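Listing of coords_24.cif, mmCIF, C-alpha atoms and all ligand atoms
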data_query
loop_
_atom_site.label_atom_id
_atom_site.label_comp_id
_atom_site.auth_asym_id
_atom_site.auth_seq_id
_atom_site.Cartn_x
_atom_site.Cartn_y
_atom_site.Cartn_z
CA MET T 1 82.35 143.19 68.33
CA THR T 2 82.47 145.93 65.67
CA ARG T 3 84.95 148.78 65.57
CA GLY T 4 82.28 151.42 65.07
CA THR T 5 79.84 152.81 62.54
CA VAL T 6 80.80 154.78 59.45
CA ALA T 7 78.52 156.63 57.03
CA VAL T 8 79.84 156.64 53.44
CA THR T 9 78.35 158.91 50.77
CA GLY T 10 78.87 157.83 47.17
CA ALA T 11 79.14 154.26 48.50
CA ALA T 12 77.95 152.67 45.27
CA GLY T 13 80.48 154.56 43.15
CA PHE T 14 83.92 153.42 42.03
CA ILE T 15 86.10 154.63 44.93
CA GLY T 16 83.13 154.37 47.31
CA ARG T 17 82.85 150.60 46.90
CA TRP T 18 86.55 150.17 47.64
CA VAL T 19 86.24 152.37 50.75
CA VAL T 20 83.23 150.29 51.87
CA LYS T 21 85.27 147.11 51.35
CA GLU T 22 88.23 148.51 53.31
CA LEU T 23 85.95 149.50 56.20
CA LEU T 24 84.13 146.15 56.28
CA ASP T 25 87.48 144.33 56.17
CA ARG T 26 88.56 146.39 59.20
CA GLY T 27 85.40 145.42 61.11
CA TYR T 28 83.29 148.58 60.83
CA VAL T 29 79.54 148.74 60.30
CA VAL T 30 78.94 150.79 57.13
CA HIS T 31 75.85 152.77 56.18
CA GLY T 32 76.16 153.83 52.54
CA LEU T 33 74.23 156.52 50.70
CA ASP T 34 74.13 156.99 46.93
CA ASN T 35 71.61 158.38 44.44
CA LEU T 36 72.94 155.98 41.76
CA SER T 37 73.44 158.88 39.32
CA ASN T 38 76.83 157.40 38.43
CA GLY T 39 77.10 154.44 40.81
CA SER T 40 75.35 151.10 40.73
CA ARG T 41 74.01 148.44 43.10
CA ARG T 42 76.24 145.97 41.25
CA ASN T 43 79.32 147.72 42.63
CA VAL T 44 78.32 146.74 46.18
CA GLU T 45 76.52 143.47 45.42
CA GLU T 46 79.41 141.59 47.02
CA PHE T 47 78.49 143.11 50.42
CA SER T 48 74.72 142.64 50.16
CA THR T 49 74.72 139.53 52.36
CA SER T 50 76.75 141.26 55.10
CA ASP T 51 74.73 142.34 58.14
CA GLN T 52 77.40 145.05 58.62
CA PHE T 53 76.41 146.95 55.44
CA THR T 54 73.35 148.89 54.35
CA LEU T 55 72.83 151.04 51.26
CA GLU T 56 70.29 153.86 51.23
CA ILE T 57 69.31 155.28 47.84
CA GLY T 58 69.01 159.03 48.19
CA ASP T 59 70.47 162.42 47.35
CA ILE T 60 72.92 164.42 49.47
CA CYS T 61 71.09 167.56 48.34
CA ASP T 62 68.07 166.33 50.31
CA GLU T 63 68.58 167.46 53.93
CA GLU T 64 66.20 164.85 55.34
CA VAL T 65 68.05 162.04 53.61
CA VAL T 66 71.37 163.29 55.00
CA ASP T 67 69.90 163.74 58.49
CA ASP T 68 68.72 160.11 58.41
CA LEU T 69 72.24 158.95 57.54
CA LEU T 70 74.06 160.45 60.52
CA HIS T 71 73.29 159.76 64.16
CA GLU T 72 74.87 160.59 67.52
CA ASP T 73 76.53 157.18 67.56
CA THR T 74 78.03 157.47 64.04
CA ASP T 75 81.81 157.37 64.51
CA ALA T 76 82.78 158.95 61.20
CA CYS T 77 81.46 160.07 57.84
CA ILE T 78 83.46 159.61 54.65
CA HIS T 79 82.11 161.95 51.99
CA LEU T 80 82.75 160.83 48.42
CA ALA T 81 79.44 161.58 46.68
CA ALA T 82 80.05 164.09 43.92
CA GLU T 83 79.46 164.85 40.28
CA ILE T 84 82.86 164.05 38.78
CA ASP T 85 82.76 164.60 35.01
CA VAL T 86 84.84 167.58 33.84
CA GLN T 87 83.10 167.82 30.44
CA GLU T 88 79.65 167.60 32.05
CA SER T 89 80.66 170.33 34.50
CA LEU T 90 81.51 172.59 31.56
CA ASP T 91 78.13 171.81 29.95
CA ASP T 92 76.09 172.06 33.18
CA PRO T 93 78.05 173.81 35.97
CA GLN T 94 74.94 174.18 38.17
CA SER T 95 74.60 170.42 38.66
CA HIS T 96 78.21 170.26 39.91
CA PHE T 97 77.71 173.21 42.21
CA ASP T 98 74.52 171.68 43.67
CA ALA T 99 75.91 168.19 44.29
CA ASN T 100 79.44 169.16 45.24
CA VAL T 101 78.97 172.39 47.21
CA VAL T 102 75.35 172.36 48.44
CA GLY T 103 75.49 168.59 49.02
CA THR T 104 78.71 168.96 51.04
CA GLN T 105 77.13 171.77 53.07
CA ASN T 106 74.31 169.36 54.02
CA ILE T 107 76.86 166.75 55.10
CA LEU T 108 78.72 169.35 57.17
CA GLU T 109 75.52 170.44 58.93
CA ALA T 110 74.65 166.83 59.76
CA CYS T 111 78.19 166.23 61.06
CA ARG T 112 77.95 169.38 63.18
CA ARG T 113 74.58 168.33 64.59
CA THR T 114 75.83 164.86 65.52
CA ASP T 115 79.45 165.87 66.28
CA THR T 116 80.75 163.38 63.71
CA ARG T 117 84.31 163.23 62.41
CA LEU T 118 84.49 163.79 58.62
CA GLY T 119 86.86 162.50 55.95
CA LEU T 120 86.23 164.90 53.06
CA VAL T 121 87.40 163.54 49.71
CA GLY T 122 88.72 166.28 47.44
CA THR T 123 90.78 165.91 44.30
CA CYS T 124 94.19 166.66 42.78
CA MET T 125 92.36 168.40 39.92
CA VAL T 126 92.27 171.57 42.06
CA TYR T 127 96.04 172.06 41.72
CA ASP T 128 97.93 174.15 39.25
CA MET T 129 100.23 172.00 37.16
CA VAL T 130 103.80 171.51 38.35
CA ASP T 131 106.88 172.03 36.21
CA SER T 132 109.56 170.82 38.58
CA GLY T 133 110.30 167.17 39.23
CA ASP T 134 109.51 167.50 42.94
CA GLY T 135 105.81 166.95 42.59
CA ILE T 136 102.79 168.65 44.09
CA ASP T 137 102.68 168.92 47.86
CA GLU T 138 99.78 170.27 49.89
CA SER T 139 101.13 173.85 49.83
CA HIS T 140 101.14 173.91 46.03
CA PRO T 141 98.96 176.70 44.49
CA VAL T 142 95.45 175.74 43.49
CA LYS T 143 94.01 176.67 40.12
CA PRO T 144 90.62 175.15 39.41
CA ALA T 145 90.46 174.88 35.61
CA SER T 146 86.89 173.59 35.35
CA PRO T 147 83.58 173.99 37.22
CA TYR T 148 84.19 170.46 38.55
CA ALA T 149 87.50 171.49 40.15
CA GLY T 150 85.99 174.81 41.28
CA SER T 151 83.12 173.06 43.03
CA LYS T 152 85.49 170.62 44.75
CA ILE T 153 87.73 173.37 46.13
CA GLY T 154 84.59 175.34 47.01
CA ALA T 155 83.36 172.39 49.09
CA GLU T 156 86.73 172.22 50.85
CA ASN T 157 86.60 175.94 51.64
CA VAL T 158 83.12 175.63 53.15
CA ALA T 159 84.36 172.66 55.20
CA GLU T 160 87.42 174.59 56.37
CA GLY T 161 85.00 177.16 57.77
CA TYR T 162 83.34 174.38 59.80
CA TYR T 163 86.70 173.11 61.02
CA HIS T 164 87.76 176.56 62.27
CA GLY T 165 84.30 177.87 63.17
CA TYR T 166 82.94 174.84 65.05
CA ASP T 167 86.07 172.79 65.73
CA LEU T 168 84.48 170.01 63.67
CA PRO T 169 87.09 167.27 63.15
CA ILE T 170 87.63 167.18 59.37
CA THR T 171 90.47 165.73 57.32
CA PHE T 172 90.90 166.95 53.75
CA LEU T 173 91.93 164.09 51.47
CA ARG T 174 93.06 164.74 47.91
CA PRO T 175 93.77 161.55 45.98
CA PHE T 176 95.43 161.79 42.57
CA ASN T 177 93.90 160.06 39.55
CA THR T 178 92.62 156.70 40.71
CA TYR T 179 91.94 153.60 38.60
CA GLY T 180 90.99 149.97 39.05
CA PRO T 181 88.09 147.51 38.87
CA TYR T 182 84.56 148.97 39.04
CA GLN T 183 85.59 152.25 37.40
CA LYS T 184 83.49 153.11 34.37
CA THR T 185 85.09 152.37 31.02
CA GLY T 186 83.11 154.89 28.92
CA MET T 187 83.77 158.61 28.68
CA ALA T 188 82.81 159.08 32.36
CA GLY T 189 85.58 156.67 33.42
CA GLY T 190 89.27 157.27 33.96
CA VAL T 191 91.92 157.04 31.28
CA VAL T 192 93.45 153.74 32.51
CA SER T 193 90.05 152.00 32.58
CA ILE T 194 89.04 153.41 29.19
CA PHE T 195 92.33 152.38 27.51
CA THR T 196 92.47 148.92 29.11
CA ASN T 197 88.90 148.13 28.12
CA ARG T 198 89.35 149.39 24.58
CA ASP T 199 92.51 147.35 24.22
CA LEU T 200 90.64 144.22 25.37
CA GLN T 201 87.87 144.96 22.85
CA GLY T 202 90.44 145.39 20.06
CA GLU T 203 89.53 149.08 19.69
CA SER T 204 91.99 151.91 19.10
CA LEU T 205 93.24 153.97 22.05
CA LYS T 206 92.30 157.61 21.49
CA ILE T 207 94.59 160.19 23.07
CA PHE T 208 93.17 163.68 23.58
CA GLY T 209 95.60 166.32 22.29
CA ASP T 210 99.30 165.59 21.92
CA GLY T 211 99.43 163.10 24.84
CA THR T 212 102.24 164.88 26.66
CA GLN T 213 99.93 165.60 29.62
CA THR T 214 100.93 163.47 32.61
CA ARG T 215 99.08 161.78 35.47
CA ASP T 216 100.14 160.19 38.76
CA LEU T 217 98.02 157.04 38.81
CA LEU T 218 96.84 155.54 42.08
CA TYR T 219 95.37 152.03 42.37
CA ALA T 220 91.90 151.80 43.96
CA THR T 221 92.88 149.78 47.04
CA ASP T 222 95.75 152.17 47.83
CA CYS T 223 93.33 155.09 47.49
CA ALA T 224 90.75 153.45 49.80
CA ARG T 225 93.39 152.70 52.45
CA PHE T 226 94.54 156.34 52.28
CA ILE T 227 90.98 157.63 52.73
CA VAL T 228 90.23 155.36 55.71
CA ASP T 229 93.61 155.98 57.39
CA GLY T 230 93.24 159.73 56.89
CA THR T 231 89.70 159.83 58.24
CA PHE T 232 90.56 158.06 61.49
CA SER T 233 93.95 159.60 62.29
CA ASP T 234 93.76 162.12 65.15
CA ASP T 235 96.97 163.74 63.87
CA ALA T 236 95.28 164.34 60.52
CA VAL T 237 92.42 166.50 61.77
CA GLY T 238 92.40 169.90 60.06
CA GLU T 239 95.13 168.81 57.65
CA VAL T 240 95.18 168.44 53.85
CA PHE T 241 96.78 165.29 52.42
CA ASN T 242 97.71 164.30 48.89
CA ALA T 243 97.96 160.68 47.82
CA GLY T 244 99.71 159.46 44.71
CA THR T 245 102.67 157.32 43.76
CA GLY T 246 105.16 160.17 43.37
CA THR T 247 105.68 159.23 39.72
CA ASP T 248 103.83 160.56 36.70
CA ILE T 249 103.45 159.07 33.25
CA SER T 250 102.48 160.80 30.03
CA ILE T 251 99.27 159.66 28.37
CA ASN T 252 101.39 158.68 25.33
CA ASP T 253 103.51 156.35 27.50
CA LEU T 254 100.44 155.02 29.28
CA ALA T 255 98.87 154.09 25.95
CA GLU T 256 102.09 152.25 24.98
CA LEU T 257 102.09 150.42 28.32
CA ILE T 258 98.48 149.26 27.95
CA ALA T 259 98.31 148.56 24.21
CA THR T 260 98.92 144.96 23.27
CA ASP T 261 100.11 143.75 19.86
CA GLY T 262 98.05 145.19 17.05
CA THR T 263 96.20 147.83 19.09
CA ASP T 264 96.14 151.12 17.26
CA ILE T 265 97.01 154.34 19.14
CA ARG T 266 95.76 157.61 17.68
CA HIS T 267 95.59 161.25 18.67
CA VAL T 268 92.27 163.10 18.51
CA GLU T 269 91.27 166.69 19.15
CA HIS T 270 90.89 167.52 22.84
CA HIS T 271 87.29 168.34 23.84
CA HIS T 272 88.29 170.78 26.58
CA PRO T 273 92.01 171.69 26.35
CA GLN T 274 91.40 174.75 28.57
CA SER T 275 90.38 172.47 31.48
CA GLU T 276 93.25 170.01 31.06
CA VAL T 277 95.90 169.96 33.77
CA GLN T 278 99.12 169.44 31.83
CA LYS T 279 101.33 167.86 34.46
CA LEU T 280 100.13 166.18 37.66
CA ARG T 281 102.68 164.49 39.85
CA CYS T 282 102.05 163.96 43.55
CA ASP T 283 104.46 164.53 46.40
CA PRO T 284 103.00 162.04 48.91
CA SER T 285 105.59 162.76 51.67
CA LYS T 286 103.08 164.22 54.13
CA ALA T 287 100.73 161.19 53.97
CA ASN T 288 103.77 158.98 54.28
CA GLU T 289 105.08 160.82 57.36
CA LEU T 290 101.85 161.58 59.25
CA LEU T 291 99.65 158.64 58.18
CA ASP T 292 102.41 156.11 57.55
CA TRP T 293 100.69 155.57 54.19
CA GLU T 294 102.38 154.55 50.96
CA PRO T 295 101.05 152.92 47.82
CA ASP T 296 101.50 149.14 47.47
CA VAL T 297 100.44 148.53 43.88
CA SER T 298 102.64 149.51 40.91
CA LEU T 299 101.07 150.78 37.70
CA GLU T 300 102.01 147.56 35.86
CA GLU T 301 100.42 145.39 38.60
CA GLY T 302 97.35 147.62 38.77
CA VAL T 303 96.78 147.45 35.01
CA ASP T 304 97.13 143.65 35.18
CA HIS T 305 94.52 143.43 37.97
CA LEU T 306 92.21 145.71 36.02
CA ARG T 307 92.67 143.71 32.81
CA ASP T 308 91.88 140.44 34.63
CA TRP T 309 88.77 141.95 36.20
CA LEU T 310 87.53 143.45 32.92
CA ARG T 311 87.93 140.04 31.26
CA THR T 312 85.56 138.53 33.86
CA GLN T 313 83.06 141.34 33.25
CA ASN T 314 83.17 140.97 29.49
CA ARG T 315 82.52 137.22 29.92
CA GLY T 316 79.54 138.17 32.13
CA ASP T 317 80.98 136.42 35.25
N1 LIG H 401 88.32 158.78 40.27
C1 LIG H 401 89.33 159.57 40.53
O1 LIG H 401 90.37 159.50 39.88
C2 LIG H 401 89.28 160.55 41.69
C3 LIG H 401 90.45 161.20 42.05
C4 LIG H 401 90.42 162.10 43.11
C5 LIG H 401 89.25 162.33 43.78
N2 LIG H 401 88.10 161.71 43.42
C6 LIG H 401 86.89 162.00 44.19
O2 LIG H 401 86.46 160.77 44.75
C7 LIG H 401 85.04 160.77 44.87
C8 LIG H 401 84.48 159.53 44.21
O3 LIG H 401 84.84 159.55 42.83
P1 LIG H 401 84.62 158.28 41.89
O4 LIG H 401 85.66 158.31 40.86
O5 LIG H 401 84.43 157.07 42.69
O6 LIG H 401 83.27 158.69 41.17
P2 LIG H 401 81.87 157.94 41.08
O7 LIG H 401 81.01 158.76 40.20
O8 LIG H 401 82.07 156.52 40.72
O9 LIG H 401 81.37 158.02 42.59
C9 LIG H 401 80.58 159.08 43.06
C10 LIG H 401 79.29 158.48 43.58
O10 LIG H 401 78.49 159.54 44.13
C11 LIG H 401 77.15 159.35 43.70
N3 LIG H 401 76.51 160.67 43.70
C12 LIG H 401 76.73 161.70 42.85
N4 LIG H 401 75.94 162.74 43.17
C13 LIG H 401 75.23 162.36 44.26
C14 LIG H 401 74.23 163.00 45.05
N5 LIG H 401 73.81 164.25 44.77
N6 LIG H 401 73.71 162.31 46.10
C15 LIG H 401 74.11 161.04 46.38
N7 LIG H 401 75.04 160.39 45.65
C16 LIG H 401 75.58 161.04 44.61
C17 LIG H 401 77.24 158.71 42.34
O11 LIG H 401 76.07 157.97 41.99
C18 LIG H 401 78.46 157.81 42.48
O12 LIG H 401 78.10 156.51 42.89
C19 LIG H 401 84.55 162.09 44.28
O13 LIG H 401 84.35 162.99 45.35
C20 LIG H 401 85.72 162.54 43.41
O14 LIG H 401 85.74 163.94 43.29
C21 LIG H 401 88.07 160.82 42.37
#

Could you render the structure from this file as C-alpha cells?
Amino acid sequence: MTRGTVAVTGAAGFIGRWVVKELLDRGYVVHGLDNLSNGSRRNVEEFSTSDQFTLEIGDICDEEVVDDLLHEDTDACIHLAAEIDVQESLDDPQSHFDANVVGTQNILEACRRTDTRLGLVGTCMVYDMVDSGDGIDESHPVKPASPYAGSKIGAENVAEGYYHGYDLPITFLRPFNTYGPYQKTGMAGGVVSIFTNRDLQGESLKIFGDGTQTRDLLYATDCARFIVDGTFSDDAVGEVFNAGTGTDISINDLAELIATDGTDIRHVEHHHPQSEVQKLRCDPSKANELLDWEPDVSLEEGVDHLRDWLRTQNRGD
C-alpha cells in the first residue's frame, strides 16, 4: 500500500535526490524529472532497483515533457529543477529566466490542469541581508542581487498568481544554504562541500573577499524533510516558509572549522561582490510553529557526515 504519487522535478540534483529518498522512505511512489544539466543518474542510482521510483530525462521548458509528468492521480508535485549558479546567471541571464521562470510556468499549468498540489522550492538568496541578530523571517524585504535570485522570486510571483487566481494549492519553501553528500564540490557546488573536499585533497581553502559574509547552513536531510513536510501540510497552503538553523557563521569561521592541520586558508578577489548577500541568518520560527519542523543535524555533525561520504567517493566506493 503506497501513500500516494509525487512528481519531483530536479530529482537527480543534489537536494532532489534527498527529497526523493525522504519520499521513498515515507512510502510514496516518486516520478522524477531531470534534464541532467547539473544532476546525474549516479545521484539516484541507489533507488534504481526500487519499483516505487522512475526517472524521466527531460526539460521543464518542454510543455509535453511536463504534461507527461503530471496526471489526475498525482498527489503532489515538488518543483526543484532550476539553474542555480549565481555567476552563470550573471554571464547568461536568459538561461536562468528560461529554466526558472518559463519552466516554473509550465509546471504551474500542468498542476492547474491536473489540480495537483505544489511544493515550490525557492531560495533564501532572494532576501535582503539582515543586520539585526533576529534573523530573516518570511516578512523580511526581498532584494534579488543577481539574475538567479531575480528569476527565483519571479517564479514565486507567477506561482502566487496561480494560488490567488485559481486557488491552486501551493506552498512556497525557501531553504537557506544547504550542504551535504551529493552536492557538487567544484565552483557550481556550495561553500561547505567545496571547502571540505579541498581540505581532503590537501588544497588551500579560497575565501572570496574578506570572508566576513555569513551563511545559515542547513544539512541536506533537514532540508528534504522541510520540503516534504511543507508540501503536504494543509496549513501551509499559500504560505511562505524559511528553513535554516537560526545561526549563521562567517565564511572565515567556516574555513577554520573545516580546515585540518596544515590546510592553508587564503583570501582571493570576489568574482561578483555586487551579487553577494553579506549576512544571511534564518528565523525558522514559522516552520517550527506551523510545520513542527526543526533541524536535527548540527554544522559539526553535518561536516563530519560530508567528510566521511567524500572519502568514500575519492576512494571510488
Ligand atoms: N543548494 C542550496 O543551497 C539551495 C538553497 C536554497 C534553495 N535551493 C533550490 O533548491 C533547488 C535544487 O537546488 P540544488 O542545490 O539541488 O541544485 P542542483 O543543480 O543540484 O539541482 C537542480 C536540478 O535541476 C536540474 N535542472 C536544471 N534545469 C532543468 C530543466 N530546465 N529541466 C529539467 N531539469 C533541470 C538539474 O540537472 C539538477 O539536477 C533549486 O530550485 C534551488 O534554487 C538550493

What's the 7 Å shell around Ala224 in chain T, counting only C-alpha atoms, without same-chain residues fewer than 3 positions away, as a PDB file with C-alpha atoms, keeping the file's coordinate frame?
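Everything below was put into selection-v3.pdb:
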ATOM      1  CA  ILE T  15      86.100 154.630  44.930  1.00  0.00           C
ATOM      2  CA  TRP T  18      86.550 150.170  47.640  1.00  0.00           C
ATOM      3  CA  VAL T  19      86.240 152.370  50.750  1.00  0.00           C
ATOM      4  CA  GLU T  22      88.230 148.510  53.310  1.00  0.00           C
ATOM      5  CA  ALA T 220      91.900 151.800  43.960  1.00  0.00           C
ATOM      6  CA  THR T 221      92.880 149.780  47.040  1.00  0.00           C
ATOM      7  CA  ILE T 227      90.980 157.630  52.730  1.00  0.00           C
ATOM      8  CA  VAL T 228      90.230 155.360  55.710  1.00  0.00           C
TER       9      VAL T 228
END

Set the distance at 12 Å and use only C-alpha atoms: which residues neighbour Leu290 in chain T once local chain neighbours fewer than 2 positions away are removed? I'd like the list as a PDB file with C-alpha atoms, in the frame of the given file.
ATOM      1  CA  PHE T 226      94.540 156.340  52.280  1.00  0.00           C
ATOM      2  CA  ASP T 229      93.610 155.980  57.390  1.00  0.00           C
ATOM      3  CA  GLY T 230      93.240 159.730  56.890  1.00  0.00           C
ATOM      4  CA  SER T 233      93.950 159.600  62.290  1.00  0.00           C
ATOM      5  CA  ASP T 234      93.760 162.120  65.150  1.00  0.00           C
ATOM      6  CA  ASP T 235      96.970 163.740  63.870  1.00  0.00           C
ATOM      7  CA  ALA T 236      95.280 164.340  60.520  1.00  0.00           C
ATOM      8  CA  VAL T 237      92.420 166.500  61.770  1.00  0.00           C
ATOM      9  CA  GLU T 239      95.130 168.810  57.650  1.00  0.00           C
ATOM     10  CA  VAL T 240      95.180 168.440  53.850  1.00  0.00           C
ATOM     11  CA  PHE T 241      96.780 165.290  52.420  1.00  0.00           C
ATOM     12  CA  ASN T 242      97.710 164.300  48.890  1.00  0.00           C
ATOM     13  CA  PRO T 284     103.000 162.040  48.910  1.00  0.00           C
ATOM     14  CA  SER T 285     105.590 162.760  51.670  1.00  0.00           C
ATOM     15  CA  LYS T 286     103.080 164.220  54.130  1.00  0.00           C
ATOM     16  CA  ALA T 287     100.730 161.190  53.970  1.00  0.00           C
ATOM     17  CA  ASN T 288     103.770 158.980  54.280  1.00  0.00           C
ATOM     18  CA  ASP T 292     102.410 156.110  57.550  1.00  0.00           C
ATOM     19  CA  TRP T 293     100.690 155.570  54.190  1.00  0.00           C
ATOM     20  CA  GLU T 294     102.380 154.550  50.960  1.00  0.00           C
TER      21      GLU T 294
END

Using all atoms listed in the file, find each residue in chain T having at least one atom no more than 6 Å away from ligand LIG 401 (chain H); report its shortest atom-to-atom pair and that distance in Å (one decimal), rows by chain then rising number, as a Markdown table.
| residue | atom | partner | partner_atom | distance |
| --- | --- | --- | --- | --- |
| T:Gly10 | CA | H:LIG401 | O10 | 3.5 |
| T:Ala12 | CA | H:LIG401 | O12 | 4.5 |
| T:Gly13 | CA | H:LIG401 | O12 | 3.1 |
| T:Phe14 | CA | H:LIG401 | O5 | 3.7 |
| T:Ile15 | CA | H:LIG401 | O5 | 3.7 |
| T:Gly16 | CA | H:LIG401 | O5 | 5.5 |
| T:Asp34 | CA | H:LIG401 | N7 | 3.7 |
| T:Asn35 | CA | H:LIG401 | C15 | 4.1 |
| T:Leu36 | CA | H:LIG401 | O11 | 3.7 |
| T:Ser37 | CA | H:LIG401 | O11 | 3.9 |
| T:Asn38 | CA | H:LIG401 | O11 | 3.7 |
| T:Gly39 | CA | H:LIG401 | O12 | 3.1 |
| T:Gly58 | CA | H:LIG401 | C15 | 5.8 |
| T:Asp59 | CA | H:LIG401 | N6 | 3.5 |
| T:Ile60 | CA | H:LIG401 | N6 | 4.1 |
| T:Cys61 | CA | H:LIG401 | N5 | 5.6 |
| T:Leu80 | CA | H:LIG401 | O13 | 4.1 |
| T:Ala81 | CA | H:LIG401 | O10 | 3.4 |
| T:Ala82 | CA | H:LIG401 | C12 | 4.2 |
| T:Glu83 | CA | H:LIG401 | C12 | 4.9 |
| T:Ile84 | CA | H:LIG401 | O14 | 5.4 |
| T:Ala99 | CA | H:LIG401 | N5 | 4.5 |
| T:Val121 | CA | H:LIG401 | O13 | 5.3 |
| T:Gly122 | CA | H:LIG401 | C5 | 5.4 |
| T:Thr123 | CA | H:LIG401 | C5 | 3.9 |
| T:Cys124 | CA | H:LIG401 | C4 | 5.9 |
| T:Pro175 | CA | H:LIG401 | C4 | 4.4 |
| T:Phe176 | CA | H:LIG401 | C3 | 5.0 |
| T:Asn177 | CA | H:LIG401 | O1 | 3.6 |
| T:Thr178 | CA | H:LIG401 | O1 | 3.7 |

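Distance-wise, CA of Arg311 in chain T and CA of Lys21 in chain T end up 21.5 Å apart.
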
Can you tell me which residues surround Leu70 in chain T at a distance of at most 7 Å, considering only C-alpha atoms, apart from same-chain residues fewer than 3 positions away, and format the answer as number ranges by chain? T: 7, 66-67, 74, 110, 114

Could you work out an axis-aligned box for range 100-110 of chain T, taking every atom the file lists and adding 4 Å on each side, and report centre and edge lengths in Å to one decimal, as JSON?
{"center_x": 76.9, "center_y": 169.6, "center_z": 52.5, "size_x": 13.1, "size_y": 13.6, "size_z": 22.5}

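Of note, CA of His272 in chain T and CA of Gly211 in chain T are spaced 13.6 Å apart.
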
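Nearest to His305 in chain T of all the residues T:Cys282, T:Gly262, T:Asp248, T:Tyr182 is T:Tyr182, based on only C-alpha atoms.
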
Using Å and a single decimal, report how far CA of Phe97 in chain T sits from CA of Val65 in chain T. 18.7 Å

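Nearest to Asp51 in chain T of all the residues T:Val8, T:Val86, T:Leu24, T:Ala243 is T:Leu24, counting only C-alpha atoms.
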
Given all atoms listed in the file as the counted atoms, nearest of T:Ile170, T:Cys223, T:Leu299, T:Val192 to Ala259 in chain T: T:Val192

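Minimum distance to Leu69 in chain T across T:Gln87, T:Thr9, T:Ser95, T:Thr49 (counting all atoms listed in the file) occurs at T:Thr9.
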
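Considering the residues T:Asp62, T:Asp131, T:Glu45, T:Asp216 and counting all atoms listed in the file, Asp98 in chain T has its shortest atom-to-atom contact with T:Asp62.
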
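The smallest atom-to-atom distance between Thr116 in chain T and any of T:Asp210, T:Asp167, T:Asp296, T:Asp137, using all atoms listed in the file, is found for T:Asp167.
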
Anything within 12 Å of (93.7, 146.4, 37.7): list those residues as a PyMOL selection string, counting only C-alpha atoms and sticking to the file's coordinates. chain T and resi 178-183+192-197+217-222+258+297-312

Deliver the residues from the most recent selection as a file, using C-alpha atoms, as a short mmCIF file (atom, residue, chain, number, x, y, z; two decimals), keeping the file's coordinate frame.
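The resulting file, again_9.cif, is reproduced below:
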data_model
loop_
_atom_site.label_atom_id
_atom_site.label_comp_id
_atom_site.auth_asym_id
_atom_site.auth_seq_id
_atom_site.Cartn_x
_atom_site.Cartn_y
_atom_site.Cartn_z
CA THR T 178 92.62 156.70 40.71
CA TYR T 179 91.94 153.60 38.60
CA GLY T 180 90.99 149.97 39.05
CA PRO T 181 88.09 147.51 38.87
CA TYR T 182 84.56 148.97 39.04
CA GLN T 183 85.59 152.25 37.40
CA VAL T 192 93.45 153.74 32.51
CA SER T 193 90.05 152.00 32.58
CA ILE T 194 89.04 153.41 29.19
CA PHE T 195 92.33 152.38 27.51
CA THR T 196 92.47 148.92 29.11
CA ASN T 197 88.90 148.13 28.12
CA LEU T 217 98.02 157.04 38.81
CA LEU T 218 96.84 155.54 42.08
CA TYR T 219 95.37 152.03 42.37
CA ALA T 220 91.90 151.80 43.96
CA THR T 221 92.88 149.78 47.04
CA ASP T 222 95.75 152.17 47.83
CA ILE T 258 98.48 149.26 27.95
CA VAL T 297 100.44 148.53 43.88
CA SER T 298 102.64 149.51 40.91
CA LEU T 299 101.07 150.78 37.70
CA GLU T 300 102.01 147.56 35.86
CA GLU T 301 100.42 145.39 38.60
CA GLY T 302 97.35 147.62 38.77
CA VAL T 303 96.78 147.45 35.01
CA ASP T 304 97.13 143.65 35.18
CA HIS T 305 94.52 143.43 37.97
CA LEU T 306 92.21 145.71 36.02
CA ARG T 307 92.67 143.71 32.81
CA ASP T 308 91.88 140.44 34.63
CA TRP T 309 88.77 141.95 36.20
CA LEU T 310 87.53 143.45 32.92
CA ARG T 311 87.93 140.04 31.26
CA THR T 312 85.56 138.53 33.86
#

Residues within 8 Å of range 3-5 of chain T, only C-alpha atoms, excluding chain neighbours under 5 positions, as number ranges by chain: T: 26-31, 73-76

Taking C-alpha atoms for each residue, export the selection above as a PDB file, keeping the file's coordinate frame.
ATOM      1  CA  ARG T  26      88.560 146.390  59.200  1.00  0.00           C
ATOM      2  CA  GLY T  27      85.400 145.420  61.110  1.00  0.00           C
ATOM      3  CA  TYR T  28      83.290 148.580  60.830  1.00  0.00           C
ATOM      4  CA  VAL T  29      79.540 148.740  60.300  1.00  0.00           C
ATOM      5  CA  VAL T  30      78.940 150.790  57.130  1.00  0.00           C
ATOM      6  CA  HIS T  31      75.850 152.770  56.180  1.00  0.00           C
ATOM      7  CA  ASP T  73      76.530 157.180  67.560  1.00  0.00           C
ATOM      8  CA  THR T  74      78.030 157.470  64.040  1.00  0.00           C
ATOM      9  CA  ASP T  75      81.810 157.370  64.510  1.00  0.00           C
ATOM     10  CA  ALA T  76      82.780 158.950  61.200  1.00  0.00           C
TER      11      ALA T  76
END

List the spatial neighbours of Gly135 in chain T as a list in words - criterion: any atom at most 7 Å away, all atoms listed in the file, same-chain residues fewer than 6 positions off excluded. Gly246, Arg281, Cys282 and Asp283 of chain T
